[in-house]
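Below is protein-v2.cif, which holds mmCIF, C-alpha atoms.
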```cif
data_model
#
loop_
_atom_site.group_PDB
_atom_site.id
_atom_site.type_symbol
_atom_site.label_atom_id
_atom_site.label_comp_id
_atom_site.auth_asym_id
_atom_site.auth_seq_id
_atom_site.Cartn_x
_atom_site.Cartn_y
_atom_site.Cartn_z
ATOM 1 C CA MET V 54 -27.158 -70.737 25.253
ATOM 2 C CA ILE V 55 -29.742 -69.032 23.063
ATOM 3 C CA THR V 56 -28.303 -65.698 21.930
ATOM 4 C CA SER V 57 -29.922 -62.733 20.224
ATOM 5 C CA GLU V 58 -27.673 -63.370 17.218
ATOM 6 C CA PHE V 59 -29.036 -66.897 16.911
ATOM 7 C CA LEU V 60 -32.641 -65.731 17.185
ATOM 8 C CA LEU V 61 -32.230 -62.933 14.644
ATOM 9 C CA THR V 62 -30.281 -65.046 12.171
ATOM 10 C CA SER V 63 -32.783 -67.888 12.515
ATOM 11 C CA LEU V 64 -35.615 -65.444 11.899
ATOM 12 C CA VAL V 65 -34.016 -64.221 8.691
ATOM 13 C CA VAL V 66 -33.331 -67.793 7.537
ATOM 14 C CA VAL V 67 -36.897 -68.919 8.269
ATOM 15 C CA LEU V 68 -38.305 -65.888 6.465
ATOM 16 C CA ILE V 69 -36.384 -66.778 3.291
ATOM 17 C CA PRO V 70 -38.921 -67.609 0.553
ATOM 18 C CA GLY V 71 -38.125 -71.241 -0.214
ATOM 19 C CA THR V 72 -40.105 -74.269 -1.340
ATOM 20 C CA GLY V 73 -41.679 -74.753 2.089
ATOM 21 C CA VAL V 74 -42.716 -71.120 2.301
ATOM 22 C CA VAL V 75 -44.160 -71.189 -1.220
ATOM 23 C CA TYR V 76 -46.138 -74.353 -0.462
ATOM 24 C CA THR V 77 -47.490 -72.953 2.817
ATOM 25 C CA ILE V 78 -48.459 -69.638 1.233
ATOM 26 C CA ASN V 79 -50.040 -71.397 -1.715
ATOM 27 C CA THR V 80 -52.025 -73.602 0.667
ATOM 28 C CA GLY V 81 -53.220 -70.530 2.538
ATOM 29 C CA LEU V 82 -54.236 -68.855 -0.698
ATOM 30 C CA THR V 83 -56.212 -71.819 -2.001
ATOM 31 C CA LEU V 84 -57.401 -73.723 1.065
ATOM 32 C CA LYS V 85 -57.506 -70.999 3.738
ATOM 33 C CA TRP V 86 -55.784 -70.779 7.103
ATOM 34 C CA ARG V 87 -56.618 -74.151 8.663
ATOM 35 C CA ALA V 88 -54.984 -75.983 5.777
ATOM 36 C CA SER V 89 -51.953 -73.705 5.955
ATOM 37 C CA ILE V 90 -51.433 -74.728 9.607
ATOM 38 C CA ALA V 91 -51.206 -78.355 8.471
ATOM 39 C CA ALA V 92 -48.677 -77.301 5.827
ATOM 40 C CA ALA V 93 -46.634 -75.457 8.466
ATOM 41 C CA VAL V 94 -46.636 -78.536 10.725
ATOM 42 C CA GLY V 95 -45.543 -80.743 7.835
ATOM 43 C CA CYS V 96 -42.725 -78.404 6.772
ATOM 44 C CA THR V 97 -41.480 -78.260 10.362
ATOM 45 C CA LEU V 98 -41.537 -82.045 10.800
ATOM 46 C CA GLY V 99 -39.752 -82.433 7.478
ATOM 47 C CA ILE V 100 -36.599 -80.803 8.830
ATOM 48 C CA VAL V 101 -36.290 -83.132 11.851
ATOM 49 C CA PRO V 102 -34.266 -85.860 10.049
ATOM 50 C CA HIS V 103 -31.884 -83.232 8.671
ATOM 51 C CA ILE V 104 -31.356 -81.746 12.119
ATOM 52 C CA LEU V 105 -30.753 -85.165 13.690
ATOM 53 C CA ALA V 106 -28.211 -86.071 11.019
ATOM 54 C CA SER V 107 -26.434 -82.760 11.524
ATOM 55 C CA VAL V 108 -26.433 -82.947 15.328
ATOM 56 C CA LEU V 109 -25.032 -86.493 15.379
ATOM 57 C CA GLY V 110 -22.330 -85.672 12.859
ATOM 58 C CA LEU V 111 -21.382 -82.365 14.446
ATOM 59 C CA SER V 112 -21.204 -83.841 17.938
ATOM 60 C CA ALA V 113 -18.539 -86.260 16.788
ATOM 61 C CA LEU V 114 -16.552 -83.611 14.916
ATOM 62 C CA LEU V 115 -16.726 -80.827 17.485
ATOM 63 C CA ASN V 116 -15.541 -83.111 20.268
ATOM 64 C CA MET V 117 -12.368 -83.815 18.315
ATOM 65 C CA SER V 118 -10.666 -80.410 18.561
ATOM 66 C CA ALA V 119 -11.075 -76.654 18.779
ATOM 67 C CA GLN V 120 -9.591 -76.345 15.292
ATOM 68 C CA VAL V 121 -12.471 -78.318 13.845
ATOM 69 C CA PHE V 122 -14.846 -75.906 15.584
ATOM 70 C CA SER V 123 -13.118 -72.912 14.006
ATOM 71 C CA ILE V 124 -13.079 -74.491 10.552
ATOM 72 C CA LEU V 125 -16.779 -75.317 10.716
ATOM 73 C CA LYS V 126 -17.509 -71.820 11.977
ATOM 74 C CA ILE V 127 -15.786 -70.208 8.987
ATOM 75 C CA ALA V 128 -17.312 -72.718 6.582
ATOM 76 C CA GLY V 129 -20.742 -72.047 8.051
ATOM 77 C CA SER V 130 -20.336 -68.303 7.653
ATOM 78 C CA MET V 131 -19.274 -68.760 4.031
ATOM 79 C CA TYR V 132 -22.312 -70.955 3.411
ATOM 80 C CA LEU V 133 -24.615 -68.316 4.889
ATOM 81 C CA LEU V 134 -22.986 -65.741 2.604
ATOM 82 C CA TYR V 135 -23.639 -68.081 -0.304
ATOM 83 C CA LEU V 136 -27.305 -68.320 0.703
ATOM 84 C CA ALA V 137 -27.491 -64.529 0.985
ATOM 85 C CA TRP V 138 -26.015 -64.119 -2.493
ATOM 86 C CA ASN V 139 -28.452 -66.601 -4.005
ATOM 87 C CA MET V 140 -31.326 -64.896 -2.220
ATOM 88 C CA TRP V 141 -30.283 -61.523 -3.631
ATOM 89 C CA ARG V 142 -29.749 -62.934 -7.117
ATOM 90 C CA GLU V 143 -33.119 -64.683 -7.169
ATOM 91 C CA ALA V 144 -35.067 -61.846 -5.552
ATOM 92 C CA GLY V 145 -38.381 -61.279 -7.277
ATOM 93 C CA LYS V 146 -38.661 -64.828 -8.600
ATOM 94 C CA LEU V 147 -41.068 -66.028 -5.898
ATOM 95 C CA GLU V 148 -44.017 -67.521 -7.743
ATOM 96 C CA ILE V 149 -47.345 -68.420 -6.233
ATOM 97 C CA SER V 150 -49.692 -70.756 -8.025
ATOM 98 C CA LYS V 151 -53.418 -70.679 -7.359
ATOM 99 C CA LYS V 152 -53.889 -74.303 -8.342
ATOM 100 C CA SER V 153 -54.188 -76.908 -5.629
ATOM 101 C CA THR V 154 -55.219 -80.560 -5.511
ATOM 102 C CA GLU V 155 -54.900 -81.178 -1.762
ATOM 103 C CA ILE V 156 -58.068 -82.478 -0.147
ATOM 104 C CA SER V 157 -57.420 -83.570 3.409
ATOM 105 C CA THR V 158 -55.318 -82.116 6.210
ATOM 106 C CA MET V 159 -53.251 -85.323 6.299
ATOM 107 C CA GLN V 160 -52.456 -85.096 2.592
ATOM 108 C CA ILE V 161 -51.365 -81.491 3.009
ATOM 109 C CA ALA V 162 -49.089 -82.343 5.942
ATOM 110 C CA VAL V 163 -47.568 -85.394 4.223
ATOM 111 C CA LYS V 164 -46.765 -83.411 1.101
ATOM 112 C CA ALA V 165 -45.198 -80.658 3.216
ATOM 113 C CA ILE V 166 -43.057 -83.223 5.061
ATOM 114 C CA ALA V 167 -41.874 -84.673 1.744
ATOM 115 C CA ILE V 168 -40.961 -81.217 0.411
ATOM 116 C CA ASN V 169 -38.418 -80.649 3.196
ATOM 117 C CA LEU V 170 -37.498 -84.299 3.830
ATOM 118 C CA LEU V 171 -36.352 -84.786 0.230
ATOM 119 C CA ASN V 172 -34.273 -81.609 0.185
ATOM 120 C CA PRO V 173 -30.629 -82.657 0.839
ATOM 121 C CA LYS V 174 -29.563 -79.005 1.098
ATOM 122 C CA LEU V 175 -31.206 -78.798 4.527
ATOM 123 C CA THR V 176 -28.721 -81.233 6.059
ATOM 124 C CA ILE V 177 -25.842 -79.210 4.622
ATOM 125 C CA PHE V 178 -27.443 -76.017 5.921
ATOM 126 C CA PHE V 179 -27.811 -77.245 9.502
ATOM 127 C CA PHE V 180 -24.339 -78.754 9.395
ATOM 128 C CA ALA V 181 -23.005 -75.277 8.596
ATOM 129 C CA PHE V 182 -25.497 -73.291 10.662
ATOM 130 C CA LEU V 183 -25.410 -74.888 14.110
ATOM 131 C CA PRO V 184 -21.653 -74.567 14.819
ATOM 132 C CA LEU V 185 -21.904 -70.793 14.479
ATOM 133 C CA PHE V 186 -23.847 -70.517 17.721
ATOM 134 C CA ILE V 187 -22.321 -73.208 19.921
ATOM 135 C CA SER V 188 -20.335 -72.048 22.923
ATOM 136 C CA LYS V 189 -16.833 -73.465 23.259
ATOM 137 C CA ASN V 190 -17.440 -73.788 26.994
ATOM 138 C CA SER V 191 -20.601 -75.817 26.576
ATOM 139 C CA SER V 192 -20.845 -78.750 28.985
ATOM 140 C CA SER V 193 -22.729 -80.785 26.380
ATOM 141 C CA LEU V 194 -22.448 -79.956 22.698
ATOM 142 C CA THR V 195 -25.206 -82.386 21.761
ATOM 143 C CA ILE V 196 -27.711 -80.960 24.247
ATOM 144 C CA GLU V 197 -26.919 -77.409 23.180
ATOM 145 C CA MET V 198 -27.355 -78.252 19.500
ATOM 146 C CA ILE V 199 -30.656 -79.987 20.242
ATOM 147 C CA MET V 200 -31.843 -76.917 22.149
ATOM 148 C CA LEU V 201 -30.888 -74.637 19.260
ATOM 149 C CA SER V 202 -32.629 -76.984 16.818
ATOM 150 C CA VAL V 203 -35.842 -77.056 18.883
ATOM 151 C CA VAL V 204 -35.917 -73.262 18.984
ATOM 152 C CA PHE V 205 -35.305 -73.117 15.236
ATOM 153 C CA MET V 206 -38.126 -75.585 14.603
ATOM 154 C CA GLY V 207 -40.464 -73.583 16.823
ATOM 155 C CA MET V 208 -39.673 -70.425 14.875
ATOM 156 C CA THR V 209 -40.164 -72.300 11.613
ATOM 157 C CA PHE V 210 -43.647 -73.438 12.610
ATOM 158 C CA ILE V 211 -44.705 -70.003 13.888
ATOM 159 C CA ILE V 212 -43.420 -68.090 10.855
ATOM 160 C CA PHE V 213 -44.764 -70.592 8.337
ATOM 161 C CA ALA V 214 -48.155 -70.615 10.071
ATOM 162 C CA LEU V 215 -48.255 -66.814 9.986
ATOM 163 C CA TYR V 216 -47.326 -66.862 6.304
ATOM 164 C CA GLY V 217 -50.233 -69.176 5.582
ATOM 165 C CA ILE V 218 -52.751 -67.345 7.759
ATOM 166 C CA LEU V 219 -51.883 -63.966 6.274
ATOM 167 C CA ALA V 220 -51.809 -65.288 2.707
ATOM 168 C CA SER V 221 -55.603 -65.394 2.402
ATOM 169 C CA GLY V 222 -55.996 -61.750 3.357
ATOM 170 C CA ILE V 223 -53.192 -60.393 1.205
ATOM 171 C CA SER V 224 -53.290 -62.793 -1.728
ATOM 172 C CA SER V 225 -53.858 -60.083 -4.339
ATOM 173 C CA TYR V 226 -51.038 -57.981 -2.879
ATOM 174 C CA LEU V 227 -48.526 -60.832 -2.957
ATOM 175 C CA ILE V 228 -49.396 -61.808 -6.504
ATOM 176 C CA ASN V 229 -49.560 -58.328 -8.016
ATOM 177 C CA SER V 230 -46.762 -56.555 -6.119
ATOM 178 C CA SER V 231 -43.650 -58.346 -7.338
ATOM 179 C CA LYS V 232 -41.495 -55.285 -6.614
ATOM 180 C CA ALA V 233 -42.420 -55.327 -2.928
ATOM 181 C CA VAL V 234 -41.634 -59.040 -2.682
ATOM 182 C CA LYS V 235 -38.283 -58.431 -4.374
ATOM 183 C CA ARG V 236 -37.399 -55.658 -1.903
ATOM 184 C CA PHE V 237 -38.207 -57.919 1.056
ATOM 185 C CA GLN V 238 -36.027 -60.696 -0.341
ATOM 186 C CA GLN V 239 -33.128 -58.300 -0.931
ATOM 187 C CA ALA V 240 -33.446 -56.939 2.603
ATOM 188 C CA PHE V 241 -33.330 -60.493 4.015
ATOM 189 C CA ALA V 242 -30.220 -61.184 1.927
ATOM 190 C CA VAL V 243 -28.394 -58.132 3.283
ATOM 191 C CA VAL V 244 -29.265 -58.949 6.894
ATOM 192 C CA LEU V 245 -28.223 -62.586 6.482
ATOM 193 C CA ALA V 246 -24.894 -61.575 4.928
ATOM 194 C CA ALA V 247 -24.238 -59.094 7.735
ATOM 195 C CA PHE V 248 -24.806 -61.726 10.401
ATOM 196 C CA ALA V 249 -22.628 -64.222 8.546
ATOM 197 C CA VAL V 250 -19.713 -61.764 8.580
ATOM 198 C CA LYS V 251 -20.292 -60.791 12.213
ATOM 199 C CA LEU V 252 -20.436 -64.395 13.382
ATOM 200 C CA ALA V 253 -17.320 -65.353 11.438
ATOM 201 C CA LEU V 254 -15.342 -62.587 13.125
ATOM 202 C CA SER V 255 -16.761 -63.029 16.614
ATOM 203 C CA GLU V 256 -15.163 -65.005 19.424
ATOM 204 C CA LYS V 257 -17.217 -67.467 21.462
#
```
This structure in structure tokens:
Amino acid sequence: MITSEFLLTSLVVVLIPGTGVVYTINTGLTLKWRASIAAAVGCTLGIVPHILASVLGLSALLNMSAQVFSILKIAGSMYLLYLAWNMWREAGKLEISKKSTEISTMQIAVKAIAINLLNPKLTIFFFAFLPLFISKNSSSLTIEMIMLSVVFMGMTFIIFALYGILASGISSYLINSSKAVKRFQQAFAVVLAAFAVKLALSEK
């Protein structure tokens, strides 16, 4: 079941300025909005293998016992807190380069796929993230995790595409207003930490 907590937490996670976000924004700044759409598609496709690995592994573990579910839930919450702390600590360090060597849409998409595909932290993230929102009464854990993953991917594409499209119009603002970027990152960190605590204490 898709809950408001899942949607809001996913939104915060997707909004986190990471390598995929930086690449998409940079593409929008240098090659305009059409190229940034290709970057968004590539970044979204790049997380598919990580999600599949997580879903397959979690399905086996969660079917073992309720205790495993609880352990993963707490571990996931702690990992989200860790992400929130890192986000807060690194706030203001988002750098955008105006240099770009991409030529074709395919090259842009392939590079975007590689950026997320070669990031092993994504598998760990989904392994910790998905159990937080799975109902104990679910008739099929695998189907529910796939549904959550599809929604997450959809949000990733939409947010990344918006980042890229808006980048062209606000390029000077993003580059020159480091304080504003830092405040946004800190706000995301606080919200993410709050949800991590709430989810750890909640009962499914």
Suppose you want the space between CA of His103 (chain V) and CA of Ser202 (chain V); what is it in Å? 10.3 Å
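CA of Leu134 (chain V) is positioned 13.4 Å from CA of Leu254 (chain V).
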Restricting the calculation to all atoms listed in the file, which member of V:Leu175, V:Val243, V:Ala165, V:Ile78 is positioned closest to Ser107 (chain V)? V:Leu175
Please identify all polymer residues within 10 Å of Val67 (chain V), counting only C-alpha atoms, omitting same-chain residues fewer than 2 positions from it, and present them as an NGL selection string. :V and (61-65 or 69-71 or 73-74 or 205-206 or 208-213)
Please evaluate the PyMOL selection byres ((chain V and resi 94) around 12) against the structure above and give the resulting residues as a ChimeraX atom specification. /V:73-74,76-77,87-93,95-101,158-167,169,206-215,217
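In this structure, CA of Ser130 (chain V) sits 19.1 Å away from CA of Leu194 (chain V).
Among V:Ala246, V:Ala253, V:Ile199, V:Leu219, the residue with the shortest atom-to-atom distance to Trp141 (chain V), counting all atoms listed in the file, is V:Ala246.
The environment of Thr176 (chain V) within 8 Å, counting all atoms listed in the file and disregarding residues fewer than 3 places along the same chain, consists of His103, Ile104, Ala106, Ser107, Pro173, Phe179 and Phe180 of chain V.
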Store the residues picked out above, limited to C-alpha atoms, as a tab-separated table (two decimals), keeping the file's coordinate frame.
```
chain	number	residue	atom	x	y	z
V	103	HIS	CA	-31.88	-83.23	8.67
V	104	ILE	CA	-31.36	-81.75	12.12
V	106	ALA	CA	-28.21	-86.07	11.02
V	107	SER	CA	-26.43	-82.76	11.52
V	173	PRO	CA	-30.63	-82.66	0.84
V	179	PHE	CA	-27.81	-77.24	9.50
V	180	PHE	CA	-24.34	-78.75	9.40
```
Nearest to Trp138 (chain V) by atom-to-atom distance, counting all atoms listed in the file, from V:Ala247, V:Val203, V:Leu170, V:Leu68: V:Ala247
Kindly output region 101-112 of chain V as a short mmCIF file (atom, residue, chain, number, x, y, z; two decimals), keeping the file's coordinate frame, after building all heavy atoms.
```
data_model
loop_
_atom_site.label_atom_id
_atom_site.label_comp_id
_atom_site.auth_asym_id
_atom_site.auth_seq_id
_atom_site.Cartn_x
_atom_site.Cartn_y
_atom_site.Cartn_z
N VAL V 101 -36.80 -82.36 10.71
CA VAL V 101 -36.29 -83.13 11.85
C VAL V 101 -35.18 -84.10 11.46
O VAL V 101 -34.12 -84.13 12.10
CB VAL V 101 -37.43 -83.89 12.56
CG1 VAL V 101 -36.86 -84.82 13.63
CG2 VAL V 101 -38.40 -82.90 13.19
N PRO V 102 -35.35 -84.93 10.41
CA PRO V 102 -34.27 -85.86 10.05
C PRO V 102 -32.97 -85.14 9.70
O PRO V 102 -31.88 -85.62 10.01
CB PRO V 102 -34.84 -86.60 8.83
CG PRO V 102 -36.32 -86.50 9.01
CD PRO V 102 -36.54 -85.13 9.57
N HIS V 103 -33.07 -83.99 9.04
CA HIS V 103 -31.88 -83.23 8.67
C HIS V 103 -31.16 -82.72 9.92
O HIS V 103 -29.93 -82.74 10.00
CB HIS V 103 -32.28 -82.06 7.77
CG HIS V 103 -32.93 -82.46 6.50
ND1 HIS V 103 -32.24 -83.02 5.44
CD2 HIS V 103 -34.23 -82.40 6.10
CE1 HIS V 103 -33.07 -83.28 4.45
NE2 HIS V 103 -34.28 -82.91 4.83
N ILE V 104 -31.95 -82.25 10.88
CA ILE V 104 -31.36 -81.75 12.12
C ILE V 104 -30.67 -82.87 12.88
O ILE V 104 -29.56 -82.72 13.39
CB ILE V 104 -32.43 -81.07 13.00
CG1 ILE V 104 -32.88 -79.75 12.36
CG2 ILE V 104 -31.90 -80.82 14.41
CD1 ILE V 104 -33.98 -79.04 13.11
N LEU V 105 -31.34 -84.03 12.97
CA LEU V 105 -30.75 -85.16 13.69
C LEU V 105 -29.44 -85.61 13.05
O LEU V 105 -28.46 -85.89 13.75
CB LEU V 105 -31.75 -86.33 13.72
CG LEU V 105 -32.99 -86.14 14.59
CD1 LEU V 105 -33.92 -87.34 14.45
CD2 LEU V 105 -32.59 -85.94 16.05
N ALA V 106 -29.43 -85.67 11.72
CA ALA V 106 -28.21 -86.07 11.02
C ALA V 106 -27.09 -85.08 11.28
O ALA V 106 -25.94 -85.46 11.50
CB ALA V 106 -28.48 -86.17 9.52
N SER V 107 -27.44 -83.80 11.29
CA SER V 107 -26.43 -82.76 11.52
C SER V 107 -25.92 -82.80 12.95
O SER V 107 -24.71 -82.70 13.19
CB SER V 107 -27.03 -81.38 11.23
OG SER V 107 -27.48 -81.30 9.90
N VAL V 108 -26.83 -82.93 13.91
CA VAL V 108 -26.43 -82.95 15.33
C VAL V 108 -25.51 -84.12 15.62
O VAL V 108 -24.48 -83.97 16.29
CB VAL V 108 -27.67 -83.01 16.24
CG1 VAL V 108 -27.27 -83.32 17.68
CG2 VAL V 108 -28.42 -81.68 16.19
N LEU V 109 -25.85 -85.30 15.12
CA LEU V 109 -25.03 -86.49 15.38
C LEU V 109 -23.65 -86.35 14.76
O LEU V 109 -22.63 -86.68 15.37
CB LEU V 109 -25.74 -87.73 14.84
CG LEU V 109 -27.03 -88.13 15.56
CD1 LEU V 109 -27.70 -89.31 14.86
CD2 LEU V 109 -26.75 -88.47 17.02
N GLY V 110 -23.61 -85.84 13.53
CA GLY V 110 -22.33 -85.67 12.86
C GLY V 110 -21.48 -84.59 13.49
O GLY V 110 -20.27 -84.75 13.68
N LEU V 111 -22.11 -83.48 13.85
CA LEU V 111 -21.38 -82.36 14.45
C LEU V 111 -20.86 -82.70 15.83
O LEU V 111 -19.78 -82.27 16.23
CB LEU V 111 -22.29 -81.14 14.52
CG LEU V 111 -22.56 -80.43 13.19
CD1 LEU V 111 -23.66 -79.38 13.36
CD2 LEU V 111 -21.29 -79.78 12.67
N SER V 112 -21.64 -83.46 16.59
CA SER V 112 -21.20 -83.84 17.94
C SER V 112 -19.88 -84.59 17.88
O SER V 112 -18.98 -84.35 18.68
CB SER V 112 -22.27 -84.72 18.61
OG SER V 112 -23.44 -83.98 18.85
#
```
